[in-house]
Structure formats: C-alpha cells, structure tokens
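To start, the structure under review is shown below, and the notes come after it.
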Amino acid sequence: MRPPECDVCGERAARDGLIDCLPTEASAAFRVRAQQTGFVGHPPDTGWFCATHAPRARELAPTHRRGDIIGQLRTADAPPGTPDQPEPARNITQDFPWAGSLHDLHRALNGALPTVLEHVGLAGVEIEEHTKRTWHPMDGSHAPDCPFVETFVREVRSGDLWVCLEKEVAFWNENDAARASVRLDVVRAGERELLVSAWSPVSGAPYNVLETRLKGEVPQGLAEALAAGGASA
C-alpha cells in the first residue's frame, strides 16, 4: 500500500506523525467495529501529519478535533494575498465539494484524464492499466480468506513525469468493503504538480465521500468535471 501521507499537505507522513486528536462520536462507533476480527483502518480521530505539521498538530490534539486541526494548519499554510494581487490557487491545498460517491468521482476523473495528459504535454500517449490485490493476513486468517486491498491504476510515465489515476478499496472479504479512496496525481521530477483525492470513512460507508483534497493547477476540463460533481447536490 502507499505510504501514509500528511492529512494537511499530502507529503509523506513523519514516522511519529500518527496523532490522536480530540475524540468524536464517530470514534466510539469505530472502536466498537474495531473489536471484530480482521478489522482494517485507524480511528477517525487519528490523523497522519508530516514532519512540518506534526509538532503543531500534537499541540492542538488534546483540545481540537482532527478536522479542526487540519483546517487550522491549512489556513496557516496559505500564503498572504491582497485583493489586488491574490496568491495563485495552485499554492494552496484545499477541499472541493463533491456530492456523489467515490465511484462517481473515479468516473469523472477517468473522463477528465485525457485533458490532464494534454495539459502536461502527453496528449495521445498510451495509458497503462493494471489491477493489484494485496492480502493482509491477520488473527490466524490467510489468503484468500483474509482482508485485502484492491488497487485499480491507470498511469502514464514519460521521463521524469508521472500521471496516475488510482482507486483503492479495502475489503474485509469478497462481499464486504471497508473503505475506499480515489486520487489523481501529476508528479514531475519528484515534485507534485497536481493532486485530486477523496476518501471514505474508515468503516460503515466505504463509497461515501468523507473528505476531499485539491492542490495544483487544474486544467479546464478537470475543473468542469469537479464543478459538475459538486453542483449535483
């Protein structure tokens, strides 16, 4: 699975960056479900933070909920601007509204993928597709009778440029999904130029959108797809 990323900025989380925040009602429901055999995930009041954001998150954690901490840290990251000279949106990590399911978002990003490839100079390049299943044996269970994660990928690699659309679904078993996430990445020379991502709650509603994240310069076709999904509520 992909290494954990900071909930604030999307960079790789610090080794000690998993922080327990002020509990919520959802935490109690999670901890009941966590008693079941083969549970996958971490509590909704627990967040991942990078080396830059972890110290402040740790200070806020005893008195603030995870969402409030993320919001404060993102606001602190936003560069100052003036009405006459606003800062470019590509410098800011922000949420975006999405009224549909994660499946809907995946279809929208899939449809906008050619626009993204054209935007970064890869129009017409063949898109590679592959699916991977990763087993997670636990509590005496073994593949194929154990939890697993299925990852669906469409990607293009050209030189130092990588464009990847990924949907990841964690399952308790073949008929019971636990959680899911969707993300679109554009990375050039190790630096992220665009990130669109969304994920579900850790349990109970695997295809509902819990949170979203958007960062980077958004091509027109992709912007229209995201706006259409957000306006469909």
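Residue numbers start at 1 in each chain; chains themselves are named A, B, ... in the order of the structure tokens; ligands are numbered from 1 in the order shown.
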message = Which residues are close to stretch 100-113 of chain A, i.e. within 10 Å by only C-alpha atoms, leaving aside same-chain residues fewer than 5 positions away? Reply as a VMD selection string.
response = chain A and resid 118 to 119 123 127 154 to 155 163 to 167 180 to 184 196 to 200 206 to 210 219 to 226 228 to 233
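Each of A:Asn175, A:Thr46, A:Thr24, A:Thr52 was compared to A:Glu11 using only C-alpha atoms, and A:Thr52 turns out to be the nearest.
Distance-wise, atom CA of A:Val169 and atom CA of A:Thr131 end up 11.3 Å apart.
Pairwise distance (atom CA of A:Ala76, atom CA of A:Ala189) equals 26.8 Å.
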message = List as a PyMOL selection string the protein and nucleic acid residues near A:Arg133, meaning an atom at most 10 Å away when only C-alpha atoms are counted, but skip any in the same chain fewer than 2 places from it.
response = chain A and resi 1+131+135-136+148-152+168-170
key: Surrounding residues of A:Arg15 excluding itself and chain neighbours under 5 positions, 12 Å, only C-alpha atoms, as a PyMOL selection string   = chain A and resi 3-6+48-51+54
message = With DSSP run on the backbone, what are the helix (DSSP H, G or I) residues within stretch 130-229 of chain A? I'd like them as number ranges by chain.
response = A: 220-229
Limited to N, CA and C atoms, could you put the picked residues into a file as a CSV table (one decimal), in the first residue's frame?
```csv
chain,number,residue,atom,x,y,z
A,220,GLN,N,-8.8,23.0,-17.5
A,220,GLN,CA,-10.2,23.4,-17.6
A,220,GLN,C,-11.2,22.2,-17.6
A,221,GLY,N,-10.9,21.2,-18.3
A,221,GLY,CA,-11.7,20.0,-18.4
A,221,GLY,C,-11.9,19.4,-17.1
A,222,LEU,N,-10.8,19.3,-16.3
A,222,LEU,CA,-10.9,18.7,-15.0
A,222,LEU,C,-11.7,19.6,-14.0
A,223,ALA,N,-11.5,20.9,-14.1
A,223,ALA,CA,-12.2,21.8,-13.3
A,223,ALA,C,-13.7,21.7,-13.5
A,224,GLU,N,-14.1,21.6,-14.8
A,224,GLU,CA,-15.5,21.4,-15.1
A,224,GLU,C,-16.1,20.1,-14.5
A,225,ALA,N,-15.3,19.1,-14.6
A,225,ALA,CA,-15.8,17.8,-14.1
A,225,ALA,C,-16.0,17.9,-12.6
A,226,LEU,N,-15.1,18.5,-11.9
A,226,LEU,CA,-15.2,18.6,-10.4
A,226,LEU,C,-16.3,19.6,-10.0
A,227,ALA,N,-16.5,20.6,-10.8
A,227,ALA,CA,-17.6,21.6,-10.5
A,227,ALA,C,-19.0,20.9,-10.8
A,228,ALA,N,-19.1,20.1,-11.8
A,228,ALA,CA,-20.3,19.4,-12.1
A,228,ALA,C,-20.7,18.4,-10.9
A,229,GLY,N,-19.7,17.7,-10.4
A,229,GLY,CA,-20.0,16.8,-9.3
A,229,GLY,C,-20.3,17.6,-8.0
```
Find the residues around A:Gln72 up to 10 Å (only C-alpha atoms counted), leave out those fewer than 6 positions away in its own chain, and share them as a CSV table (one decimal) with N, CA and C atoms, in the first residue's frame.
```
chain,number,residue,atom,x,y,z
A,8,VAL,N,-2.7,17.2,5.9
A,8,VAL,CA,-2.7,18.6,5.6
A,8,VAL,C,-2.2,18.9,4.2
A,56,ARG,N,2.8,21.1,15.5
A,56,ARG,CA,1.7,21.9,15.9
A,56,ARG,C,0.4,21.1,16.1
A,57,ALA,N,0.3,20.0,15.3
A,57,ALA,CA,-0.9,19.1,15.4
A,57,ALA,C,-0.9,18.5,16.8
A,60,LEU,N,-2.2,20.9,19.4
A,60,LEU,CA,-3.6,21.1,19.3
A,60,LEU,C,-4.5,19.9,19.6
```
request  = Give the strand (DSSP E or B) residues of stretch 130-213 of chain A, as DSSP finds them on the backbone, and put them as a PyMOL selection string.
outcome  = chain A and resi 130-135+148-158+161-173+176-188+191-199+211-213
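For the atom pair formed by atom CA of A:Asp7 and atom CA of A:Gly216, the distance is 16.0 Å, given to one decimal.
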